[in-house]
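The structure file final-v4.cif is reproduced below (mmCIF, C-alpha atoms).
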```
data_upload
loop_
_atom_site.label_atom_id
_atom_site.label_comp_id
_atom_site.auth_asym_id
_atom_site.auth_seq_id
_atom_site.Cartn_x
_atom_site.Cartn_y
_atom_site.Cartn_z
CA MET A 5 103.09 129.93 94.90
CA LYS A 6 99.35 129.69 94.56
CA TYR A 7 97.80 127.06 96.82
CA LEU A 8 95.71 125.48 94.08
CA ASP A 9 98.52 125.49 91.52
CA CYS A 10 100.71 123.71 94.04
CA PHE A 11 98.12 121.01 94.66
CA ARG A 12 97.43 120.56 90.97
CA ALA A 13 101.15 120.08 90.37
CA ILE A 14 101.37 117.48 93.13
CA ALA A 15 98.32 115.73 91.74
CA ARG A 16 100.02 115.49 88.34
CA HIS A 17 102.98 113.74 89.95
CA ARG A 18 100.78 111.32 91.84
CA THR A 19 100.75 107.71 90.69
CA ASP A 20 99.34 105.27 93.21
CA GLU A 21 99.83 107.18 96.46
CA ILE A 22 97.10 107.13 99.07
CA VAL A 23 96.27 110.62 100.34
CA ILE A 24 95.07 111.93 103.70
CA ALA A 25 93.92 115.55 103.55
CA SER A 26 93.43 117.52 106.72
CA ALA A 27 90.97 119.95 108.20
CA GLY A 28 90.64 123.21 106.30
CA ASN A 29 91.79 124.33 102.91
CA SER A 30 93.78 121.23 101.99
CA CYS A 31 90.58 119.18 101.71
CA GLN A 32 89.08 121.80 99.40
CA ALA A 33 92.25 122.09 97.32
CA TRP A 34 92.83 118.35 96.94
CA TRP A 35 89.20 117.80 96.04
CA ALA A 36 89.39 120.61 93.47
CA ALA A 37 92.59 119.18 92.02
CA THR A 38 91.57 115.52 91.86
CA ARG A 39 87.88 114.86 92.59
CA ASP A 40 89.22 111.65 94.12
CA SER A 41 86.96 109.98 96.65
CA VAL A 42 88.41 106.48 96.91
CA GLY A 43 92.17 106.84 97.19
CA SER A 44 91.91 110.00 99.26
CA PHE A 45 90.53 110.36 102.77
CA TYR A 46 89.32 113.83 103.73
CA LEU A 47 89.93 113.98 107.46
CA ASP A 48 88.18 117.26 107.68
CA ALA A 49 87.58 117.19 111.41
CA SER A 50 91.00 116.53 112.77
CA MET A 51 92.94 119.57 113.90
CA SER A 52 96.60 118.48 113.89
CA LEU A 53 95.95 114.76 113.56
CA SER A 54 96.06 114.03 109.82
CA THR A 55 99.67 112.83 109.86
CA MET A 56 99.13 110.72 112.95
CA PHE A 57 96.18 109.13 111.16
CA ALA A 58 98.40 108.66 108.11
CA SER A 59 101.16 107.18 110.26
CA GLY A 60 98.79 104.54 111.61
CA LEU A 61 97.75 103.65 108.08
CA ALA A 62 101.35 103.63 106.84
CA LEU A 63 102.40 101.37 109.70
CA ALA A 64 99.52 99.00 109.00
CA GLN A 65 100.10 98.86 105.25
CA PRO A 66 103.81 99.19 104.47
CA SER A 67 103.27 98.35 100.80
CA LEU A 68 101.25 101.53 100.29
CA ALA A 69 102.80 104.96 99.82
CA ILE A 70 100.94 107.46 101.97
CA TRP A 71 100.85 111.21 101.46
CA ALA A 72 99.41 113.37 104.22
CA PHE A 73 98.61 117.07 103.96
CA MET A 74 98.51 119.32 106.98
CA GLY A 75 98.22 123.08 107.25
CA ASP A 76 100.63 125.05 109.37
CA GLY A 77 97.72 126.11 111.58
CA ALA A 78 97.24 122.46 112.51
CA PHE A 79 100.99 121.99 112.83
CA CYS A 80 101.24 124.79 115.37
CA MET A 81 98.70 123.01 117.53
CA ASN A 82 100.75 119.84 117.78
CA PRO A 83 104.33 120.17 116.51
CA GLY A 84 105.36 117.31 118.79
CA MET A 85 103.77 115.00 116.23
CA LEU A 86 107.09 115.20 114.41
CA MET A 87 108.77 113.50 117.36
CA VAL A 88 106.39 110.58 116.97
CA GLU A 89 106.84 110.54 113.20
CA ARG A 90 110.62 110.59 113.56
CA GLN A 91 110.48 107.82 116.10
CA MET A 92 108.29 105.68 113.81
CA ASN A 93 110.39 106.69 110.78
CA LEU A 94 108.08 105.09 108.25
CA PRO A 95 109.65 105.10 104.78
CA ASN A 96 106.22 105.00 103.10
CA LEU A 97 104.99 108.24 104.70
CA THR A 98 105.34 111.72 103.25
CA HIS A 99 104.16 114.62 105.40
CA PHE A 100 103.31 117.72 103.34
CA LEU A 101 103.19 120.80 105.53
CA VAL A 102 101.13 123.39 103.67
CA SER A 103 102.44 126.67 104.97
CA ASN A 104 100.14 129.58 104.18
CA ARG A 105 100.99 131.36 107.45
CA VAL A 106 97.32 131.70 108.45
CA TYR A 107 94.47 129.68 109.87
CA GLY A 108 93.05 129.23 106.38
CA ALA A 109 89.83 127.47 107.33
CA THR A 110 88.83 130.32 109.61
CA SER A 111 88.93 133.21 107.17
CA ASN A 112 92.73 133.44 107.15
CA ALA A 113 92.94 134.39 110.80
CA GLY A 114 96.40 135.21 112.07
CA LEU A 115 98.83 132.45 113.03
CA PRO A 116 101.15 133.00 116.01
CA ASN A 117 104.69 133.99 115.10
CA PHE A 118 103.86 133.47 111.44
CA LYS A 119 106.74 135.56 110.11
CA ASP A 120 109.47 133.62 111.83
CA ASN A 121 108.25 130.05 111.99
CA ASP A 122 110.87 127.91 110.21
CA TYR A 123 109.14 124.58 109.80
CA ALA A 124 112.03 122.86 108.06
CA ALA A 125 114.37 123.90 110.87
CA ILE A 126 111.91 122.63 113.45
CA ALA A 127 111.78 119.30 111.63
CA ARG A 128 115.54 119.05 111.42
CA GLY A 129 115.75 119.94 115.09
CA MET A 130 113.67 116.89 115.83
CA GLY A 131 116.04 114.70 113.88
CA LEU A 132 114.23 114.43 110.56
CA GLN A 133 116.64 113.89 107.71
CA ARG A 134 114.54 113.86 104.56
CA VAL A 135 113.32 117.45 104.62
CA PHE A 136 112.34 119.34 101.46
CA GLU A 137 111.13 122.92 100.97
CA PHE A 138 109.33 124.36 97.97
CA ALA A 139 108.39 128.00 97.55
CA ASN A 140 107.69 128.11 93.83
CA LEU A 141 106.15 125.91 91.19
CA GLU A 142 109.25 125.65 89.05
CA ALA A 143 111.25 124.07 91.85
CA LEU A 144 108.34 121.83 92.80
CA GLU A 145 107.93 120.54 89.25
CA ARG A 146 111.66 120.11 88.81
CA ASP A 147 112.45 118.37 92.10
CA PHE A 148 109.29 116.44 92.88
CA PRO A 149 110.49 113.30 91.05
CA ARG A 150 113.62 113.37 93.21
CA LEU A 151 111.47 113.60 96.31
CA LYS A 152 109.46 110.58 95.20
CA ALA A 153 112.33 108.51 93.91
CA ALA A 154 114.72 108.95 96.77
CA ASN A 155 115.48 105.68 98.42
CA ALA A 156 116.77 106.84 101.76
CA PRO A 157 115.26 105.27 104.86
CA GLY A 158 112.84 107.16 106.99
CA HIS A 159 109.85 109.32 106.36
CA THR A 160 109.76 112.48 104.28
CA PHE A 161 108.77 115.97 105.36
CA VAL A 162 107.94 118.56 102.71
CA VAL A 163 107.25 122.22 103.39
CA LEU A 164 105.09 123.91 100.75
CA GLU A 165 105.11 127.69 101.01
CA VAL A 166 101.84 128.86 99.45
CA GLU A 167 99.64 131.94 99.39
CA PRO A 168 96.50 131.88 101.50
CA PHE A 169 93.23 131.18 99.73
CA SER A 170 91.61 134.22 98.15
CA ALA A 171 88.06 135.14 99.11
CA GLU A 172 86.85 133.33 95.97
CA GLU A 173 88.94 130.23 96.70
CA GLN A 174 87.49 130.06 100.20
CA LYS A 175 84.19 129.27 98.50
CA LEU A 176 85.58 126.13 96.85
CA GLU A 177 83.45 123.07 97.41
CA GLN A 178 84.22 120.80 100.31
CA PRO A 179 84.27 117.09 99.44
CA PRO A 180 80.54 116.29 99.45
CA PHE A 181 80.56 113.18 101.62
CA ASP A 182 79.41 112.32 105.08
CA GLY A 183 81.95 110.64 107.32
CA PRO A 184 80.75 107.03 107.12
CA GLU A 185 80.49 107.17 103.33
CA LEU A 186 84.10 108.35 103.10
CA LYS A 187 85.16 105.65 105.51
CA PHE A 188 83.64 102.92 103.39
CA ARG A 189 84.70 104.29 100.00
CA PHE A 190 88.28 104.69 101.18
CA GLY A 191 88.35 101.51 103.24
CA ARG A 192 87.02 99.36 100.39
CA HIS A 193 89.74 100.81 98.18
CA ILE A 194 92.41 99.90 100.73
CA GLU A 195 90.92 96.43 101.00
CA SER A 196 91.02 95.98 97.22
CA LEU A 197 94.64 97.15 97.01
CA THR A 198 95.93 95.05 99.87
CA GLY A 199 93.61 92.08 100.23
CA SER A 200 93.15 92.96 103.87
CA SER A 201 89.83 93.05 105.69
CA ILE A 202 88.98 96.29 107.44
CA PHE A 203 85.25 95.84 107.79
CA GLY A 204 85.16 92.11 108.37
CA TYR A 205 82.04 92.31 110.45
CA GLN A 206 79.78 89.28 110.50
CA ILE A 207 76.42 88.92 112.15
CA MET B 28 105.89 96.56 141.86
CA SER B 29 104.11 93.52 143.29
CA ASP B 30 103.91 90.15 141.59
CA LYS B 31 100.15 90.61 141.46
CA ALA B 32 100.55 93.84 139.54
CA ASN B 33 102.95 92.10 137.19
CA ASP B 34 100.42 89.39 136.69
CA SER B 35 97.68 91.90 135.84
CA ALA B 36 99.94 93.57 133.27
CA ARG B 37 100.76 90.24 131.66
CA ARG B 38 97.12 89.25 131.54
CA ILE B 39 96.16 92.58 129.97
CA ALA B 40 98.86 92.09 127.33
CA ASP B 41 97.71 88.53 126.64
CA GLU B 42 94.13 89.66 126.32
CA LEU B 43 95.05 92.41 123.87
CA ALA B 44 97.07 89.99 121.76
CA SER B 45 94.24 87.48 121.76
CA CYS B 46 91.88 89.92 120.10
CA GLY B 47 94.32 90.95 117.41
CA VAL B 48 95.77 94.15 118.79
CA LYS B 49 99.14 94.88 117.19
CA LEU B 50 99.66 98.62 117.69
CA VAL B 51 99.56 100.09 121.19
CA ALA B 52 99.97 103.87 121.48
CA SER B 53 100.56 105.10 125.00
CA LEU B 54 101.15 107.97 127.33
CA PRO B 55 102.14 107.22 130.89
CA ASP B 56 100.32 107.33 134.18
CA ASN B 57 102.04 105.84 137.21
CA TRP B 58 99.34 103.22 137.56
CA ILE B 59 99.88 101.83 134.05
CA MET B 60 103.68 101.86 133.90
CA GLU B 61 103.80 98.11 134.44
CA VAL B 62 101.37 97.61 131.58
CA ILE B 63 103.36 99.93 129.31
CA ASP B 64 106.64 98.21 130.15
CA THR B 65 105.12 94.78 129.60
CA ILE B 66 103.76 95.76 126.19
CA ASP B 67 106.99 97.50 125.23
CA CYS B 68 108.95 94.31 125.81
CA ASP B 69 106.45 92.07 124.06
CA ASP B 70 107.19 91.23 120.41
CA ARG B 71 103.52 90.70 119.70
CA PHE B 72 103.04 94.48 119.77
CA VAL B 73 104.34 97.59 118.09
CA HIS B 74 104.45 100.02 120.98
CA VAL B 75 104.48 103.70 120.06
CA PRO B 76 104.95 106.20 122.90
CA VAL B 77 103.25 109.38 121.69
CA ASN B 78 103.65 113.07 122.48
CA ARG B 79 100.07 113.66 123.59
CA GLU B 80 96.93 111.61 123.95
CA GLU B 81 95.26 113.02 120.82
CA SER B 82 98.11 111.63 118.76
CA ALA B 83 97.20 108.17 120.02
CA ILE B 84 93.65 108.69 118.79
CA GLY B 85 94.91 109.67 115.34
CA LEU B 86 97.39 106.81 115.14
CA CYS B 87 94.97 104.11 116.18
CA SER B 88 92.22 105.45 113.91
CA GLY B 89 94.58 105.36 110.94
CA ALA B 90 95.71 101.86 111.84
CA TYR B 91 92.08 100.76 111.77
CA MET B 92 91.77 102.04 108.20
CA GLY B 93 94.76 99.85 107.40
CA ALA B 94 93.19 96.78 109.01
CA MET B 95 95.58 96.73 111.95
CA GLY B 96 94.21 96.13 115.43
CA SER B 97 95.17 98.78 117.92
CA ALA B 98 94.64 100.18 121.38
CA ALA B 99 95.28 103.55 123.01
CA LEU B 100 96.54 103.43 126.59
CA MET B 101 96.54 106.51 128.81
CA GLY B 102 95.74 108.00 132.17
CA ALA B 103 92.43 109.56 133.11
CA SER B 104 93.80 113.09 132.85
CA GLY B 105 95.03 112.35 129.34
CA PHE B 106 91.69 110.93 128.41
CA MET B 107 90.04 114.17 129.45
CA THR B 108 92.02 115.95 126.72
CA VAL B 109 90.83 113.80 123.80
CA VAL B 110 87.13 114.55 123.62
CA TYR B 111 87.61 116.68 120.50
CA ALA B 112 89.58 114.00 118.66
CA LEU B 113 87.15 111.24 119.62
CA THR B 114 84.03 113.10 118.67
CA LYS B 115 85.46 114.57 115.48
CA ILE B 116 87.25 111.54 114.09
CA ASN B 117 85.66 108.49 115.62
CA TYR B 118 82.10 109.72 115.85
CA THR B 119 82.05 111.70 112.59
CA TYR B 120 83.55 108.90 110.50
CA GLU B 121 82.31 106.04 112.69
CA ILE B 122 85.79 104.65 113.13
CA PRO B 123 86.13 102.08 115.91
CA LEU B 124 88.66 102.73 118.62
CA PHE B 125 89.59 100.81 121.73
CA LEU B 126 90.97 102.75 124.68
CA MET B 127 92.30 101.81 128.08
CA ALA B 128 92.55 104.42 130.81
CA THR B 129 92.93 104.68 134.57
CA LEU B 130 89.97 105.32 136.84
CA ARG B 131 91.70 108.10 138.70
CA GLY B 132 90.06 109.96 141.52
CA ALA B 133 88.05 106.96 142.65
CA VAL B 134 88.21 105.29 146.06
CA GLY B 135 91.79 104.26 146.77
CA ASP B 136 93.46 107.05 144.82
CA HIS B 137 95.29 109.13 147.39
CA HIS B 138 96.16 111.97 145.03
CA LYS B 139 94.16 115.13 145.58
CA HIS B 140 95.02 116.41 142.11
CA HIS B 141 92.96 113.58 140.65
CA ILE B 142 89.79 114.58 142.46
CA SER B 143 88.63 116.33 139.28
CA ASN B 144 88.88 113.04 137.41
CA GLY B 145 86.86 111.39 140.15
CA LEU B 146 84.22 114.04 139.78
CA TYR B 147 84.07 114.38 136.01
CA LEU B 148 85.55 111.42 134.12
CA LEU B 149 82.46 109.22 134.19
CA PRO B 150 80.04 112.14 133.65
CA VAL B 151 82.09 113.19 130.61
CA LEU B 152 81.87 109.67 129.20
CA ASP B 153 78.13 109.72 129.74
CA ALA B 154 77.87 113.16 128.17
CA ILE B 155 79.43 111.94 124.92
CA SER B 156 77.52 108.64 125.03
CA MET B 157 80.73 106.67 125.13
CA PRO B 158 80.42 103.21 126.57
CA TYR B 159 82.87 102.11 129.23
CA ARG B 160 83.57 99.18 131.47
CA ILE B 161 85.37 99.31 134.79
CA ILE B 162 87.88 96.54 135.34
CA ASP B 163 88.53 96.16 139.03
CA LYS B 164 89.60 92.54 139.43
CA PRO B 165 92.00 90.26 137.55
CA GLU B 166 89.18 87.90 136.66
CA ASP B 167 87.50 90.77 134.77
CA ILE B 168 90.47 91.31 132.45
CA SER B 169 88.98 88.80 130.05
CA SER B 170 86.24 91.32 129.25
CA ILE B 171 88.83 93.35 127.30
CA SER B 172 88.26 91.14 124.27
CA ARG B 173 84.52 91.59 124.43
CA CYS B 174 84.86 95.35 124.72
CA TYR B 175 87.35 95.44 121.85
CA ARG B 176 84.98 93.49 119.64
CA HIS B 177 82.16 95.78 120.66
CA THR B 178 84.02 98.75 119.19
CA ARG B 179 84.02 96.93 115.85
CA THR B 180 80.29 96.33 116.03
CA TYR B 181 79.46 99.73 117.43
CA ALA B 182 81.85 101.49 115.00
CA ARG B 183 82.75 104.06 117.61
CA PRO B 184 85.09 104.26 120.59
CA MET B 185 84.84 102.43 123.88
CA VAL B 186 87.09 102.61 126.91
CA VAL B 187 87.92 100.18 129.67
CA LEU B 188 88.89 101.82 132.95
CA PHE B 189 91.44 100.16 135.18
CA THR B 190 91.19 100.71 138.92
CA ARG B 191 94.05 101.14 141.32
CA ASP B 192 93.16 97.86 142.98
CA LEU B 193 93.70 96.07 139.68
CA LEU B 194 96.90 97.82 138.67
CA ARG B 195 98.75 98.36 141.93
CA ARG B 196 97.43 95.70 144.30
CA GLN B 197 99.81 96.75 147.03
CA GLY B 198 99.99 99.14 149.94
CA GLY B 199 100.70 102.85 149.48
CA GLY B 200 98.94 105.46 147.49
CA HIS B 201 100.93 106.14 144.36
#
```

Show the structure stored in the file as structure tokens.
Amino acid sequence: MKYLDCFRAIARHRTDEIVIASAGNSCQAWWAATRDSVGSFYLDASMSLSTMFASGLALAQPSLAIWAFMGDGAFCMNPGMLMVERQMNLPNLTHFLVSNRVYGATSNAGLPNFKDNDYAAIARGMGLQRVFEFANLEALERDFPRLKAANAPGHTFVVLEVEPFSAEEQKLEQPPFDGPELKFRFGRHIESLTGSSIFGYQI
Amino acid sequence: MSDKANDSARRIADELASCGVKLVASLPDNWIMEVIDTIDCDDRFVHVPVNREESAIGLCSGAYMGAMGSAALMGASGFMTVVYALTKINYTYEIPLFLMATLRGAVGDHHKHHISNGLYLLPVLDAISMPYRIIDKPEDISSISRCYRHTRTYARPMVVLFTRDLLRRQGGGH
């Protein structure tokens, strides 16, 4: 399926989920699909760490549902993250693995072993139980409510098989924020949702 | 492990708890095993053993954005692998992070394979303008709270470095 169509479909199914987008195309795609700058954190500089970041947030705020996007390029750099995720087993975390079989942020450079990587099998091999795979929009639209509504314990891992960005899509705007601005926009939103104090600094 | 080492581990745990640390993400180093075991058995903490040191940086940074106090605990060699994560996440977004690491390769470390840490750990910290404090004696453990609070003011990472004399406090070189 087309990368952007996939993200637009997921955005339509979103209600109050907090989103962490990762380095590369997923930041561009989520920004294009939502223009959200308060309930989404664009962790653009984070090779392989978006779901660890999301896990920390999910642990800290169990009342929030957290979605985290990660490309398969990032995943290949740190697949052991799934061991940590499985061990933490946070029911409010959904890890979306965006599989375009390339390093999308670097001009679709080749990914090692891209033809044979079976991300769902890798996840199951690490003990994950709530594993979903979507390769077309029809299935995504049909089954996404089931993915969201399921009440099984443990965190959710979703493989999205998408086409790499086209040359035109590579030119999509990056979220136009500097790091500290994103931190405060997102953090203030989390504070307002939870009543917690992230930036409780006093002189 | 000596009673003195046990005492240092307990005091480190107490100090972390006193400044609001809940999540501790760790990777082992022989010198900090007593600290890791102490934290793992302490209900005041959620201890998450991670697969690599960068994962600890991600976890603790996310916990900060959820208002949970956290600390990353690792050896010097592990610290040397996290420069990318620190500079990209914690410097770019100005997200505070408190780290604890071993001062490997310094006087008293008998391991030749840590000579590189002795040569380069502190220069690397200086190169990325990352503040650090060396904790060499039990009476200095109380500075953990001050360093932790400094990360919140400074909005960037800081590391405290534990020496062998603090953590082992016994004969032998391992």

Explicit residues for the PyMOL selection byres ((chain B) within 9 of (chain A)) (as a VMD selection string) | chain B and resid 50 75 to 79 81 to 96 111 to 112 115 to 116 118 to 122 179 to 180

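Against the coordinates shown, the PyMOL selection byres ((chain A and resi 15) around 12) returns Leu8, Asp9, Cys10, Phe11, Arg12, Ala13, Ile14, Arg16, His17, Arg18, Thr19, Asp20, Glu21, Ile22, Val23, Ala33, Trp34, Trp35, Ala36, Ala37, Thr38, Arg39, Asp40, Ser44, Trp71, Leu144, Glu145 and Phe148 of chain A.
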
Any chance you could work out the residue set of the PyMOL selection byres ((chain A and resi 161-164) around 6) here, as a PyMOL selection string?
-> chain A and resi 98-103+135-138+160+165

Restricting the output to C-alpha atoms, write the selected residues as a compact mmCIF listing (two decimals), in the coordinates of the input.
```txt
# COMPACT_ATOMS: atom_id res chain seq x y z
CA THR A 98 105.34 111.72 103.25
CA HIS A 99 104.16 114.62 105.40
CA PHE A 100 103.31 117.72 103.34
CA LEU A 101 103.19 120.80 105.53
CA VAL A 102 101.13 123.39 103.67
CA SER A 103 102.44 126.67 104.97
CA VAL A 135 113.32 117.45 104.62
CA PHE A 136 112.34 119.34 101.46
CA GLU A 137 111.13 122.92 100.97
CA PHE A 138 109.33 124.36 97.97
CA THR A 160 109.76 112.48 104.28
CA GLU A 165 105.11 127.69 101.01
```

For the atom pair CA of Asp70 in chain B and CA of Ser172 in chain B, what is the interatomic distance in Å to one decimal place?
->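 Between CA of Asp70 in chain B and CA of Ser172 in chain B the gap is 19.3 Å.
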
d(CA of Pro168 in chain A, CA of Ala113 in chain A) in Å =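 Computing it gives 10.3 Å between the two atoms.
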
Would you mind listing what lies within 12 Å of Asp30 in chain B as a ChimeraX atom specification, with all atoms listed in the file counted and same-chain residues fewer than 4 positions away left out?
-> /B:34-37,61,193-197

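Among the candidates B:Phe72, B:Tyr175, B:Tyr181, B:Tyr147, the residue lying nearest to Phe106 in chain B is B:Tyr147 (atoms considered: all atoms listed in the file).
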
Please, which residues are within 10 Å of (116.3, 115.5, 118.1) by the file's coordinates, counting only C-alpha atoms, and could they come as a ChimeraX atom specification?
-> /A:86-87,90-91,126-132

Between CA of Asn140 in chain A and CA of Asn121 in chain A, what is the spacing in Å?
-> 18.3 Å

Test item: residues at most 10 Å from Thr190 in chain B, only C-alpha atoms, excluding those fewer than 5 positions along its chain, as a list in words |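 Returned residues: Trp58, Ala128, Thr129, Leu130, Arg131, Gly132, Ala133, Val134, Gly135, Asp136, Ile161, Ile162, Asp163, Lys164, Arg195 and Arg196 of chain B.
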
Distance query Leu126 in chain B at most 8 Å, only C-alpha atoms, self and fewer than 6 positions along chain excluded, as a list in words = Ala98, Ala99, Leu100, Met101, Pro184, Met185, Val186 and Val187 of chain B

Next, the residues of the selection above should be written as a compact mmCIF listing (two decimals), in the coordinates of the input with C-alpha atoms.
```
# COMPACT_ATOMS: atom_id res chain seq x y z
CA ALA B 98 94.64 100.18 121.38
CA ALA B 99 95.28 103.55 123.01
CA LEU B 100 96.54 103.43 126.59
CA MET B 101 96.54 106.51 128.81
CA PRO B 184 85.09 104.26 120.59
CA MET B 185 84.84 102.43 123.88
CA VAL B 186 87.09 102.61 126.91
CA VAL B 187 87.92 100.18 129.67
```

Taking all atoms of range 111-118 of chain B that appear in the file, build a box with edges along x, y and z, extend it by 8 Å on every side, and state its centre and edge lengths in Å to one decimal, as JSON.
```
{"center_x": 85.8, "center_y": 112.6, "center_z": 117.3, "size_x": 23.5, "size_y": 24.2, "size_z": 22.4}
```

Please identify all polymer residues within 12 Å of Arg38 in chain B, counting all atoms listed in the file, omitting same-chain residues fewer than 3 positions from it, and present them as a ChimeraX atom specification.
-> /B:31-35,41-45,61-62,65-66,164-172,193-194

Store the residues picked out above, limited to C-alpha atoms, as a compact mmCIF listing (two decimals), keeping the file's coordinate frame.
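Now in result-v5.txt:
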```txt
# COMPACT_ATOMS: atom_id res chain seq x y z
CA LYS B 31 100.15 90.61 141.46
CA ALA B 32 100.55 93.84 139.54
CA ASN B 33 102.95 92.10 137.19
CA ASP B 34 100.42 89.39 136.69
CA SER B 35 97.68 91.90 135.84
CA ASP B 41 97.71 88.53 126.64
CA GLU B 42 94.13 89.66 126.32
CA LEU B 43 95.05 92.41 123.87
CA ALA B 44 97.07 89.99 121.76
CA SER B 45 94.24 87.48 121.76
CA GLU B 61 103.80 98.11 134.44
CA VAL B 62 101.37 97.61 131.58
CA THR B 65 105.12 94.78 129.60
CA ILE B 66 103.76 95.76 126.19
CA LYS B 164 89.60 92.54 139.43
CA PRO B 165 92.00 90.26 137.55
CA GLU B 166 89.18 87.90 136.66
CA ASP B 167 87.50 90.77 134.77
CA ILE B 168 90.47 91.31 132.45
CA SER B 169 88.98 88.80 130.05
CA SER B 170 86.24 91.32 129.25
CA ILE B 171 88.83 93.35 127.30
CA SER B 172 88.26 91.14 124.27
CA LEU B 193 93.70 96.07 139.68
CA LEU B 194 96.90 97.82 138.67
```

Find the residues around Ala109 in chain A up to 12 Å (all atoms listed in the file counted), leave out those fewer than 6 positions away in its own chain, and share them as a PyMOL selection string.
-> chain A and resi 26-33+48-49+51+74-78+115+168-171+173-176+178

From the set B:Pro123, B:His138, B:Glu80, B:Asp192, which residue has the shortest atom-to-atom contact distance to His177 in chain B, counting only C-alpha atoms?
->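 Closest to His177 in chain B, using only C-alpha atoms: B:Pro123.
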